[in-house]
>>> print(open('data12.tsv').read())   # TSV, C-alpha atoms
chain	number	residue	atom	x	y	z
O	1	MET	CA	32.60	-12.66	15.69
O	2	ASN	CA	33.75	-14.41	18.85
O	3	LYS	CA	33.62	-18.17	19.35
O	4	LYS	CA	30.68	-18.04	21.75
O	5	THR	CA	28.51	-16.13	19.28
O	6	LEU	CA	29.53	-18.44	16.45
O	7	ALA	CA	28.66	-21.47	18.59
O	8	ILE	CA	25.21	-20.02	19.39
O	9	ILE	CA	24.51	-19.31	15.71
O	10	LEU	CA	25.64	-22.77	14.60
O	11	ALA	CA	23.70	-24.51	17.38
O	12	VAL	CA	20.47	-22.65	16.60
O	13	ASN	CA	20.73	-23.36	12.89
O	14	LEU	CA	21.68	-26.99	13.43
O	15	ILE	CA	18.60	-27.50	15.62
O	16	LEU	CA	16.38	-25.81	13.03
O	17	VAL	CA	17.80	-27.83	10.13
O	18	SER	CA	17.40	-31.10	12.08
O	19	ALA	CA	13.79	-30.26	12.95
O	20	ILE	CA	12.98	-29.26	9.35
O	21	VAL	CA	14.54	-32.41	7.85
O	22	THR	CA	12.69	-34.60	10.36
O	23	LEU	CA	9.36	-32.89	9.71
O	24	TYR	CA	9.93	-32.96	5.94
O	25	PHE	CA	10.10	-36.75	5.92
O	26	THR	CA	7.45	-37.35	8.58
O	27	ILE	CA	4.77	-34.69	8.15
O	28	TRP	CA	5.33	-32.81	4.90
O	29	LYS	CA	6.44	-35.38	2.40
O	30	PRO	CA	3.95	-38.24	3.01
O	31	SER	CA	1.42	-38.66	0.27
O	32	ARG	CA	-1.42	-36.21	0.28
O	33	VAL	CA	-3.09	-37.84	-2.69
O	34	GLY	CA	-6.74	-36.91	-2.77
O	35	GLU	CA	-6.49	-34.50	0.13
O	36	GLU	CA	-8.34	-31.21	-0.23
O	37	GLY	CA	-6.06	-28.27	-0.91
O	38	TYR	CA	-3.44	-30.41	-2.64
O	39	LEU	CA	-3.10	-31.17	-6.34
O	40	THR	CA	-1.52	-34.51	-7.16
O	41	ILE	CA	-0.26	-35.39	-10.63
O	42	THR	CA	-0.22	-39.15	-10.88
O	43	GLY	CA	-0.42	-41.99	-13.41
O	44	GLU	CA	2.13	-42.56	-16.16
O	45	ILE	CA	4.97	-40.81	-14.34
O	46	GLY	CA	7.51	-42.23	-11.93
O	47	ASN	CA	6.53	-40.59	-8.65
O	48	ASN	CA	3.47	-38.61	-7.75
O	49	ILE	CA	3.95	-34.85	-7.81
O	50	VAL	CA	2.07	-33.03	-5.08
O	51	PHE	CA	1.43	-29.30	-4.87
O	52	ASN	CA	-0.37	-27.18	-2.35
O	53	VAL	CA	-1.83	-23.79	-3.26
O	54	THR	CA	1.30	-21.98	-2.10
O	55	GLN	CA	3.43	-24.10	-4.40
O	56	LEU	CA	1.08	-23.63	-7.34
O	57	GLU	CA	1.28	-19.89	-6.84
O	58	VAL	CA	5.00	-19.76	-7.56
O	59	LEU	CA	4.48	-21.45	-10.91
O	60	PRO	CA	3.79	-19.33	-13.99
O	61	ASN	CA	0.14	-18.41	-13.73
O	62	ILE	CA	-2.61	-17.15	-16.00
O	63	THR	CA	-5.18	-14.56	-14.98
O	64	GLN	CA	-7.97	-13.87	-17.41
O	65	GLU	CA	-11.69	-13.51	-17.75
O	66	TYR	CA	-13.66	-16.72	-18.27
O	67	PHE	CA	-17.34	-17.11	-18.99
O	68	LEU	CA	-18.67	-20.31	-17.47
O	69	GLN	CA	-21.94	-21.05	-19.24
O	70	GLY	CA	-24.22	-23.15	-17.11
O	71	ASN	CA	-26.59	-22.72	-14.24
O	72	PRO	CA	-25.82	-20.09	-13.12
O	73	ASN	CA	-23.66	-18.34	-15.73
O	74	ILE	CA	-20.45	-17.02	-14.22
O	75	LEU	CA	-18.28	-14.25	-15.61
O	76	ALA	CA	-15.12	-13.88	-13.54
O	77	ASN	CA	-11.37	-13.45	-13.59
O	78	TYR	CA	-9.73	-16.73	-12.64
O	79	THR	CA	-6.05	-17.16	-11.74
O	80	GLY	CA	-4.35	-20.51	-12.00
O	81	VAL	CA	-1.72	-22.68	-13.62
O	82	SER	CA	-2.12	-23.99	-17.15
O	83	ILE	CA	-2.65	-27.76	-17.29
O	84	TYR	CA	-0.35	-27.74	-20.32
O	85	TYR	CA	2.44	-26.37	-18.11
O	86	LEU	CA	1.75	-28.88	-15.32
O	87	ILE	CA	1.80	-31.84	-17.69
O	88	THR	CA	4.59	-30.92	-20.08
O	89	GLU	CA	6.90	-28.88	-17.84
O	90	ILE	CA	6.33	-30.19	-14.33
O	91	ALA	CA	5.46	-33.82	-15.05
O	92	ASN	CA	7.62	-33.71	-18.18
O	93	TYR	CA	5.09	-35.83	-20.07
O	94	THR	CA	4.51	-35.21	-23.77
O	95	ASN	CA	2.94	-38.36	-25.25
O	96	PRO	CA	0.60	-36.96	-27.95
O	97	ASN	CA	-1.91	-39.79	-27.53
O	98	SER	CA	-2.32	-39.46	-23.79
O	99	SER	CA	-5.31	-38.16	-21.88
O	100	PHE	CA	-5.78	-36.67	-18.45
O	101	LYS	CA	-8.49	-37.26	-15.88
O	102	VAL	CA	-9.09	-34.28	-13.62
O	103	LYS	CA	-10.71	-35.61	-10.46
O	104	ALA	CA	-12.42	-34.01	-7.48
O	105	THR	CA	-12.80	-35.03	-3.83
O	106	ASP	CA	-16.37	-36.11	-4.63
O	107	ASN	CA	-15.04	-38.32	-7.50
O	108	TYR	CA	-16.54	-36.05	-10.15
O	109	GLN	CA	-14.12	-35.97	-13.08
O	110	TYR	CA	-13.52	-34.65	-16.56
O	111	THR	CA	-11.12	-36.08	-19.14
O	112	LEU	CA	-8.96	-33.91	-21.38
O	113	THR	CA	-6.81	-35.06	-24.27
O	114	MET	CA	-3.26	-33.99	-25.07
O	115	THR	CA	-4.59	-32.41	-28.28
O	116	GLN	CA	-7.00	-30.25	-26.27
O	117	ILE	CA	-4.42	-29.01	-23.79
O	118	ASN	CA	-1.90	-28.49	-26.57
O	119	ASN	CA	-4.30	-26.30	-28.57
O	120	THR	CA	-4.78	-23.80	-25.79
O	121	ARG	CA	-2.88	-22.76	-22.68
O	122	ASP	CA	-6.09	-21.43	-21.18
O	123	ILE	CA	-7.27	-24.65	-19.53
O	124	ILE	CA	-6.19	-23.97	-15.97
O	125	ILE	CA	-6.29	-25.30	-12.45
O	126	ALA	CA	-7.53	-22.16	-10.74
O	127	TYR	CA	-6.87	-21.17	-7.15
O	128	MET	CA	-8.17	-17.61	-7.32
O	129	LYS	CA	-11.37	-15.99	-8.52
O	130	ASN	CA	-11.49	-12.23	-8.91
O	131	GLY	CA	-8.29	-11.91	-6.85
O	132	GLU	CA	-9.57	-13.96	-3.92
O	133	TYR	CA	-8.59	-17.50	-3.04
O	134	LEU	CA	-11.24	-20.06	-3.89
O	135	LYS	CA	-12.95	-21.32	-0.76
O	136	SER	CA	-13.21	-25.02	-0.07
O	137	GLY	CA	-16.49	-26.90	-0.19
O	138	SER	CA	-16.76	-26.86	3.60
O	139	GLU	CA	-16.57	-23.05	3.46
O	140	GLY	CA	-19.30	-22.87	0.82
O	141	GLY	CA	-16.97	-22.41	-2.14
O	142	ASN	CA	-15.92	-24.38	-5.22
O	143	GLY	CA	-12.23	-24.74	-4.37
O	144	PRO	CA	-9.58	-24.54	-3.14
O	145	LEU	CA	-8.78	-25.73	-6.68
O	146	ARG	CA	-11.08	-25.74	-9.70
O	147	LEU	CA	-10.63	-26.81	-13.29
O	148	ILE	CA	-11.48	-23.93	-15.61
O	149	ILE	CA	-12.22	-24.75	-19.25
O	150	PRO	CA	-12.68	-21.96	-21.78
O	151	GLN	CA	-15.67	-21.92	-24.12
O	152	SER	CA	-13.36	-22.69	-27.04
O	153	ILE	CA	-13.25	-26.28	-25.69
O	154	GLU	CA	-16.89	-26.66	-24.63
O	155	GLN	CA	-19.63	-24.11	-25.38
O	156	TYR	CA	-21.57	-25.08	-22.24
O	157	ASN	CA	-18.39	-25.28	-20.20
O	158	GLY	CA	-19.74	-24.63	-16.69
O	159	GLN	CA	-20.64	-28.25	-16.00
O	160	PHE	CA	-17.15	-29.43	-17.00
O	161	CYS	CA	-15.32	-27.02	-14.73
O	162	VAL	CA	-14.69	-29.60	-12.01
O	163	LYS	CA	-14.91	-28.20	-8.48
O	164	TYR	CA	-12.77	-29.34	-5.51
O	165	VAL	CA	-10.00	-30.67	-7.80
O	166	VAL	CA	-7.38	-32.85	-6.08
O	167	LEU	CA	-5.94	-35.09	-8.81
O	168	ILE	CA	-4.72	-35.13	-12.41
O	169	GLU	CA	-4.25	-38.67	-13.61
O	170	ILE	CA	-2.14	-39.15	-16.73
O	171	ILE	CA	-3.40	-42.03	-18.88
O	172	GLN	CA	-1.15	-43.41	-21.59
O	173	GLY	CA	-2.63	-43.54	-25.08
O	174	ASP	CA	-2.05	-46.12	-27.80
M	1	MET	CA	7.81	13.42	11.78
M	2	LYS	CA	10.37	15.16	14.00
M	3	ARG	CA	11.54	11.82	15.28
M	4	TYR	CA	12.80	10.67	11.90
M	5	SER	CA	15.59	12.39	10.01
M	6	THR	CA	15.62	12.70	6.23
M	7	PHE	CA	18.34	10.05	6.21
M	8	ASP	CA	16.06	7.62	8.11
M	9	LEU	CA	13.17	8.18	5.69
M	10	ILE	CA	15.42	7.77	2.65
M	11	ILE	CA	16.82	4.53	4.08
M	12	ILE	CA	13.28	3.22	4.71
M	13	ALA	CA	12.18	4.11	1.17
M	14	ILE	CA	15.27	2.64	-0.51
M	15	MET	CA	15.21	-0.57	1.51
M	16	ALA	CA	11.46	-1.03	0.99
M	17	ALA	CA	11.92	-0.60	-2.76
M	18	LEU	CA	14.92	-2.94	-2.84
M	19	GLY	CA	12.99	-5.55	-0.85
M	20	LEU	CA	10.03	-5.47	-3.23
M	21	GLY	CA	12.15	-5.35	-6.37
M	22	THR	CA	14.56	-8.13	-5.49
M	23	LYS	CA	11.78	-10.36	-4.15
M	24	GLN	CA	10.34	-10.66	-7.66
M	25	ILE	CA	13.73	-11.74	-9.01
M	26	ILE	CA	14.67	-14.09	-6.19
M	27	ARG	CA	11.28	-15.82	-6.03
M	28	PRO	CA	11.54	-17.64	-9.41
M	29	LEU	CA	15.16	-18.56	-8.67
M	30	VAL	CA	14.29	-20.02	-5.28
M	31	SER	CA	11.39	-21.92	-6.85
M	32	LEU	CA	13.92	-23.89	-8.91
M	33	ILE	CA	14.90	-25.57	-5.64
M	34	THR	CA	11.70	-25.42	-3.63
M	35	VAL	CA	9.27	-26.71	-6.27
M	36	PRO	CA	11.00	-30.07	-6.86
M	37	LEU	CA	11.28	-30.54	-3.08
M	38	GLY	CA	7.67	-29.47	-2.63
M	39	ILE	CA	8.68	-26.82	-0.11
M	40	PRO	CA	6.73	-23.54	-0.03
M	41	GLY	CA	8.84	-20.89	-1.76
M	42	GLY	CA	7.30	-17.98	0.13
M	43	ALA	CA	8.82	-18.92	3.48
M	44	VAL	CA	12.27	-19.39	1.90
M	45	VAL	CA	12.13	-16.13	-0.08
M	46	GLY	CA	10.90	-14.44	3.11
M	47	GLY	CA	14.37	-14.85	4.62
M	48	PHE	CA	15.85	-12.83	1.80
M	49	TYR	CA	13.07	-10.28	2.04
M	50	MET	CA	13.53	-9.81	5.81
M	51	LEU	CA	17.21	-9.10	5.17
M	52	TRP	CA	16.17	-5.63	3.98
M	53	LEU	CA	13.99	-5.07	7.01
M	54	VAL	CA	16.82	-5.89	9.44
M	55	LEU	CA	19.21	-3.79	7.35
M	56	THR	CA	16.80	-0.86	7.65
M	57	LYS	CA	16.89	-1.34	11.43
M	58	ARG	CA	20.70	-1.33	11.46
M	59	LEU	CA	21.00	1.78	9.27
M	60	ALA	CA	18.08	3.69	10.79
M	61	PRO	CA	17.84	2.25	14.31
M	62	LYS	CA	15.01	4.41	15.66
M	63	PHE	CA	11.88	2.80	17.07
M	64	GLY	CA	9.21	2.51	14.39
M	65	THR	CA	11.46	2.37	11.32
M	66	GLY	CA	10.73	-1.35	10.94
M	67	PHE	CA	6.99	-0.72	11.10
M	68	LEU	CA	7.28	2.12	8.58
M	69	PHE	CA	9.31	-0.15	6.28
M	70	GLY	CA	6.52	-2.76	6.37
M	71	LEU	CA	3.78	-0.19	5.99
M	72	THR	CA	5.50	1.39	2.98
M	73	GLN	CA	5.80	-1.98	1.29
M	74	ALA	CA	2.21	-2.91	2.13
M	75	LEU	CA	0.86	0.27	0.56
M	76	VAL	CA	2.93	-0.29	-2.59
M	77	VAL	CA	2.02	-3.99	-2.83
M	78	MET	CA	-1.69	-3.20	-2.47
M	79	ILE	CA	-1.65	-1.15	-5.66
M	80	LEU	CA	0.53	-3.60	-7.59
M	81	PRO	CA	-0.98	-6.53	-9.51
M	82	PHE	CA	1.15	-9.17	-7.77
M	83	GLY	CA	1.55	-10.46	-4.25
M	84	SER	CA	-1.36	-8.60	-2.70
M	85	HIS	CA	-3.55	-10.27	-0.09
M	86	GLY	CA	-5.99	-7.35	-0.09
M	87	ILE	CA	-6.48	-5.54	3.20
M	88	PHE	CA	-4.58	-8.35	4.98
M	89	THR	CA	-1.44	-7.06	3.21
M	90	LEU	CA	-1.36	-4.18	5.71
M	91	ILE	CA	-1.14	-6.69	8.56
M	92	THR	CA	1.16	-9.30	6.98
M	93	TYR	CA	3.71	-6.70	5.88
M	94	SER	CA	3.70	-4.28	8.80
M	95	MET	CA	3.59	-6.74	11.74
M	96	PRO	CA	7.06	-8.25	11.02
M	97	GLY	CA	8.36	-4.66	11.04
M	98	LEU	CA	6.73	-4.00	14.40
M	99	ALA	CA	8.18	-7.28	15.75
M	100	VAL	CA	11.66	-6.15	14.72
M	101	ASP	CA	11.09	-2.77	16.39
M	102	LEU	CA	10.12	-4.50	19.63
M	103	ILE	CA	13.10	-6.87	19.54
M	104	ASP	CA	15.39	-3.90	18.90
M	105	LEU	CA	13.84	-2.18	21.90
M	106	ALA	CA	14.32	-5.28	24.08
M	107	PHE	CA	17.99	-5.59	23.15
M	108	GLY	CA	18.61	-1.92	23.94
M	109	LYS	CA	22.29	-1.01	23.60
M	110	LYS	CA	23.16	-4.51	22.36
M	111	ALA	CA	20.77	-4.17	19.41
M	112	ASN	CA	23.59	-3.84	16.90
M	113	GLY	CA	25.05	-7.26	17.57
M	114	VAL	CA	24.89	-10.20	15.22
M	115	ILE	CA	22.67	-12.18	17.62
M	116	CYS	CA	20.10	-9.40	17.65
M	117	SER	CA	20.11	-9.24	13.83
M	118	MET	CA	19.75	-13.01	13.67
M	119	ILE	CA	16.79	-13.04	16.07
M	120	GLU	CA	15.18	-10.09	14.30
M	121	GLY	CA	15.40	-11.78	10.89
M	122	ALA	CA	14.08	-15.07	12.27
M	123	ILE	CA	11.18	-13.58	14.22
M	124	ALA	CA	10.23	-11.19	11.40
M	125	ASN	CA	10.00	-14.04	8.89
M	126	PHE	CA	8.24	-16.21	11.48
M	127	VAL	CA	5.62	-13.53	12.17
M	128	GLY	CA	5.12	-12.84	8.44
M	129	SER	CA	4.74	-16.51	7.53
M	130	LEU	CA	2.49	-17.25	10.48
M	131	LEU	CA	0.18	-14.36	9.65
M	132	VAL	CA	-0.09	-15.44	6.01
M	133	LEU	CA	-0.80	-19.02	7.12
M	134	ILE	CA	-3.46	-17.91	9.61
M	135	LEU	CA	-5.12	-15.14	7.60
M	136	ILE	CA	-4.78	-16.37	4.03
M	137	PHE	CA	-4.07	-20.07	3.64
M	138	ARG	CA	-5.58	-21.47	6.84
M	139	LEU	CA	-3.36	-24.52	6.69
M	140	ALA	CA	-3.53	-27.32	9.24
M	141	LEU	CA	-1.30	-27.15	12.32
M	142	GLU	CA	1.37	-29.67	11.27
M	143	PRO	CA	2.25	-28.17	7.86
M	144	SER	CA	2.10	-24.75	9.50
M	145	ILE	CA	4.77	-25.81	12.03
M	146	PHE	CA	6.95	-27.07	9.18
M	147	ILE	CA	6.61	-23.84	7.20
M	148	THR	CA	7.26	-21.60	10.20
M	149	LEU	CA	10.41	-23.57	11.04
M	150	ILE	CA	11.67	-22.94	7.49
M	151	ALA	CA	10.78	-19.28	8.02
M	152	LEU	CA	12.84	-19.21	11.24
M	153	LEU	CA	15.82	-20.83	9.49
M	154	THR	CA	15.89	-18.61	6.40
M	155	GLY	CA	14.96	-15.53	8.44
M	156	ASN	CA	17.88	-15.91	10.84
M	157	ILE	CA	20.30	-16.42	7.93
M	158	GLY	CA	18.90	-13.25	6.32
M	159	GLY	CA	19.40	-11.42	9.61
M	160	ILE	CA	23.03	-12.53	9.88
M	161	ILE	CA	23.72	-11.45	6.27
M	162	SER	CA	22.14	-8.06	6.90
M	163	TYR	CA	24.38	-7.57	9.97
M	164	TYR	CA	27.48	-8.03	7.81
M	165	ILE	CA	26.12	-5.81	5.03
M	166	ALA	CA	25.43	-3.09	7.63
M	167	LYS	CA	28.92	-3.53	9.09
M	168	GLN	CA	30.46	-3.21	5.64
M	169	LEU	CA	28.35	-0.15	4.84
M	170	ALA	CA	29.29	1.43	8.15
M	171	ASN	CA	32.97	1.02	7.35
M	172	THR	CA	32.68	2.15	3.72
M	173	LEU	CA	30.42	5.16	4.29
M	174	SER	CA	31.93	6.03	7.70
M	175	LEU	CA	28.52	5.75	9.33
M	176	ASP	CA	28.33	5.64	13.11
M	177	LEU	CA	26.09	2.61	13.50
M	178	SER	CA	27.79	1.35	16.67
M	179	ILE	CA	28.40	-1.95	14.88
M	180	ASP	CA	31.94	-2.08	16.16
M	181	GLU	CA	31.66	-1.27	19.85
M	182	LYS	CA	35.43	-1.12	20.36
M	183	LYS	CA	35.89	1.50	17.63
M	184	LYS	CA	33.05	3.55	19.04
M	185	ASN	CA	34.49	3.48	22.54
M	186	LYS	CA	37.86	4.61	21.17
M	187	LYS	CA	36.20	7.54	19.38
M	188	GLU	CA	34.40	8.55	22.54
M	189	GLU	CA	37.62	8.46	24.51
M	190	LEU	CA	39.53	10.65	22.05
M	191	PRO	CA	38.36	14.12	23.19
M	192	ILE	CA	39.57	13.46	26.76
M	193	ASP	CA	43.16	12.97	25.64
M	194	THR	CA	43.14	15.56	22.85
M	195	PRO	CA	44.76	18.88	23.86
M	196	GLN	CA	42.23	21.72	23.86
M	197	ILE	CA	43.51	24.23	21.32
M	198	GLY	CA	42.96	27.87	22.13
M	199	GLN	CA	42.56	27.55	25.90
>>> encode(input="data12.tsv", output="structure tokens")
Amino acid sequence: MNKKTLAIILAVNLILVSAIVTLYFTIWKPSRVGEEGYLTITGEIGNNIVFNVTQLEVLPNITQEYFLQGNPNILANYTGVSIYYLITEIANYTNPNSSFKVKATDNYQYTLTMTQINNTRDIIIAYMKNGEYLKSGSEGGNGPLRLIIPQSIEQYNGQFCVKYVVLIEIIQGD
Amino acid sequence: MKRYSTFDLIIIAIMAALGLGTKQIIRPLVSLITVPLGIPGGAVVGGFYMLWLVLTKRLAPKFGTGFLFGLTQALVVMILPFGSHGIFTLITYSMPGLAVDLIDLAFGKKANGVICSMIEGAIANFVGSLLVLILIFRLALEPSIFITLIALLTGNIGGIISYYIAKQLANTLSLDLSIDEKKKNKKEELPIDTPQIGQ
């Protein structure tokens, strides 16, 4: 490789790296707490952890059939990340007496305990239903993120499956 | 099918398979870095994935091999349980291939240079990421710019790596890929100076 080619390659990559670093700290990194399409884990942890759907997708996910009993009843395959994984592996929080508020953009919320999420890995933050991304409220859907609770936790679980989820708040127990 | 030799089709099939196979291994490894930084892993992994596309172009440099590479992968991905975006898969996988074909065409005889490989990798990953952002995720403009810049960075690195892999393969397997222009020119000059036996 001659010097001219090497200079071109280095210059192009230097410009790209500079632009990416600048945008990372100005556009990407700023808090997106409560913004639709982003899941923020906050509360009893040092810094907020923010994920978008793309980032959630690369985490270990669960796809299985859930029956949401409510009005209407829904039987569908949901894909998402286990709350247990998000709390214990991502947020690295394992206090057995803690609880977790799952909140939506419309402030609707449901509280889970560590015991509940520890008993089953099937409580998930879903981003897909039957292989398709959940649509946001403005598009007539229940997403882009939705809490899915199996019937083993609540028989009439439909009403507790919070739509438009944006936040998981970790609350320290006694 | 007359346009493509058996060698070309084998290269397309092998590279498409390698791209799909290695993507599933690289993705979790890359996520070890991208998740803590909150950077989308797909755009970063894309650079590694486009490496195989550019390598296909270097080893089978006929027009359309990039598109066929993407189409092959799209058809496989659509029947696999992971990574499929439904019918959009056909577009998001084959368009980067077509972009590489067009860049190759634009570069003409200089298509085997490192700059061409770099641009091909960058544009292929850019096109792939942009299509996924537009068709699937529908992200806002600002995060989309950020992601596509990452795609350009990792894509061009993938392109440069593929150039050197192709160069190495050309030397090892004695393939005439016109990677080393000087060597090729020497070979072409040889018959002029060689005495014609039997005349």
>>> interface_residues(input="data12.tsv", of="chain O", to="chain M", cutoff="9 Å", atoms="only C-alpha atoms", output="VMD selection string")
chain O and resid 1 5 8 to 9 12 to 13 16 to 17 19 to 20 23 to 24 27 to 29 37 49 to 56 58 to 59 90 131 to 133
>>> closest_residue(input="data12.tsv", among="O:Asn95, O:Gly158, O:Tyr127, O:Lys163", to="Gly140 of chain O", atoms="only C-alpha atoms")
O:Lys163
>>> atom_distance(input="data12.tsv", atom1="atom CA of Ile87 of chain M", atom2="atom CA of Gly143 of chain O")
21.4 Å
>>> atom_distance(input="data12.tsv", atom1="atom CA of Val162 of chain O", atom2="atom CA of Arg146 of chain O")
5.8 Å
>>> atom_distance(input="data12.tsv", atom1="atom CA of Gly43 of chain O", atom2="atom CA of Ala104 of chain O")
15.6 Å
>>> closest_residue(input="data12.tsv", among="O:Thr26, O:Asn61, O:Thr42, O:Asn2", to="Ile123 of chain O", atoms="only C-alpha atoms")
O:Asn61
>>> residues_near_point(input="data12.tsv", point="(1.1, -45.2, -25.5)", cutoff="9 Å", atoms="all atoms listed in the file", output="list in words")
Asn95, Pro96, Asn97, Ser98, Ile171, Gln172, Gly173 and Asp174 of chain O
>>> residues_near_point(input="data12.tsv", point="(-7.7, -15.3, -16.7)", cutoff="7 Å", atoms="only C-alpha atoms", output="PyMOL selection string")
chain O and resi 62-66+77-79
>>> decode(input="data12.tsv", residues="segment 44-80 of chain O", atoms="C-alpha atoms", output="short mmCIF file (atom, residue, chain, number, x, y, z; two decimals), in the first residue's frame")
data_model
loop_
_atom_site.label_atom_id
_atom_site.label_comp_id
_atom_site.auth_asym_id
_atom_site.auth_seq_id
_atom_site.Cartn_x
_atom_site.Cartn_y
_atom_site.Cartn_z
CA GLU O 44 -31.14 1.79 43.17
CA ILE O 45 -28.28 1.55 40.69
CA GLY O 46 -25.48 4.00 40.03
CA ASN O 47 -26.27 5.24 36.53
CA ASN O 48 -29.37 4.76 34.44
CA ILE O 49 -29.11 2.02 31.85
CA VAL O 50 -30.87 2.83 28.59
CA PHE O 51 -31.70 0.40 25.81
CA ASN O 52 -33.41 0.84 22.50
CA VAL O 53 -35.14 -2.05 20.73
CA THR O 54 -32.04 -2.83 18.68
CA GLN O 55 -29.97 -3.14 21.84
CA LEU O 56 -32.58 -5.31 23.56
CA GLU O 57 -32.55 -7.62 20.56
CA VAL O 58 -28.92 -8.58 21.04
CA LEU O 59 -29.60 -9.68 24.61
CA PRO O 60 -30.67 -13.27 25.29
CA ASN O 61 -34.33 -13.39 24.39
CA ILE O 62 -37.32 -15.59 25.07
CA THR O 63 -39.94 -16.46 22.48
CA GLN O 64 -42.95 -18.38 23.68
CA GLU O 65 -46.70 -18.51 23.61
CA TYR O 66 -48.52 -16.41 26.20
CA PHE O 67 -52.22 -16.28 26.92
CA LEU O 68 -53.24 -12.83 28.08
CA GLN O 69 -56.58 -13.22 29.81
CA GLY O 70 -58.56 -10.02 29.73
CA ASN O 71 -60.71 -8.09 27.36
CA PRO O 72 -60.02 -9.23 24.73
CA ASN O 73 -58.18 -12.51 25.38
CA ILE O 74 -54.94 -12.70 23.43
CA LEU O 75 -53.04 -15.85 22.50
CA ALA O 76 -49.76 -14.97 20.82
CA ASN O 77 -46.05 -15.67 20.61
CA TYR O 78 -44.16 -12.85 22.28
CA THR O 79 -40.40 -12.27 22.00
CA GLY O 80 -38.54 -10.25 24.58
#
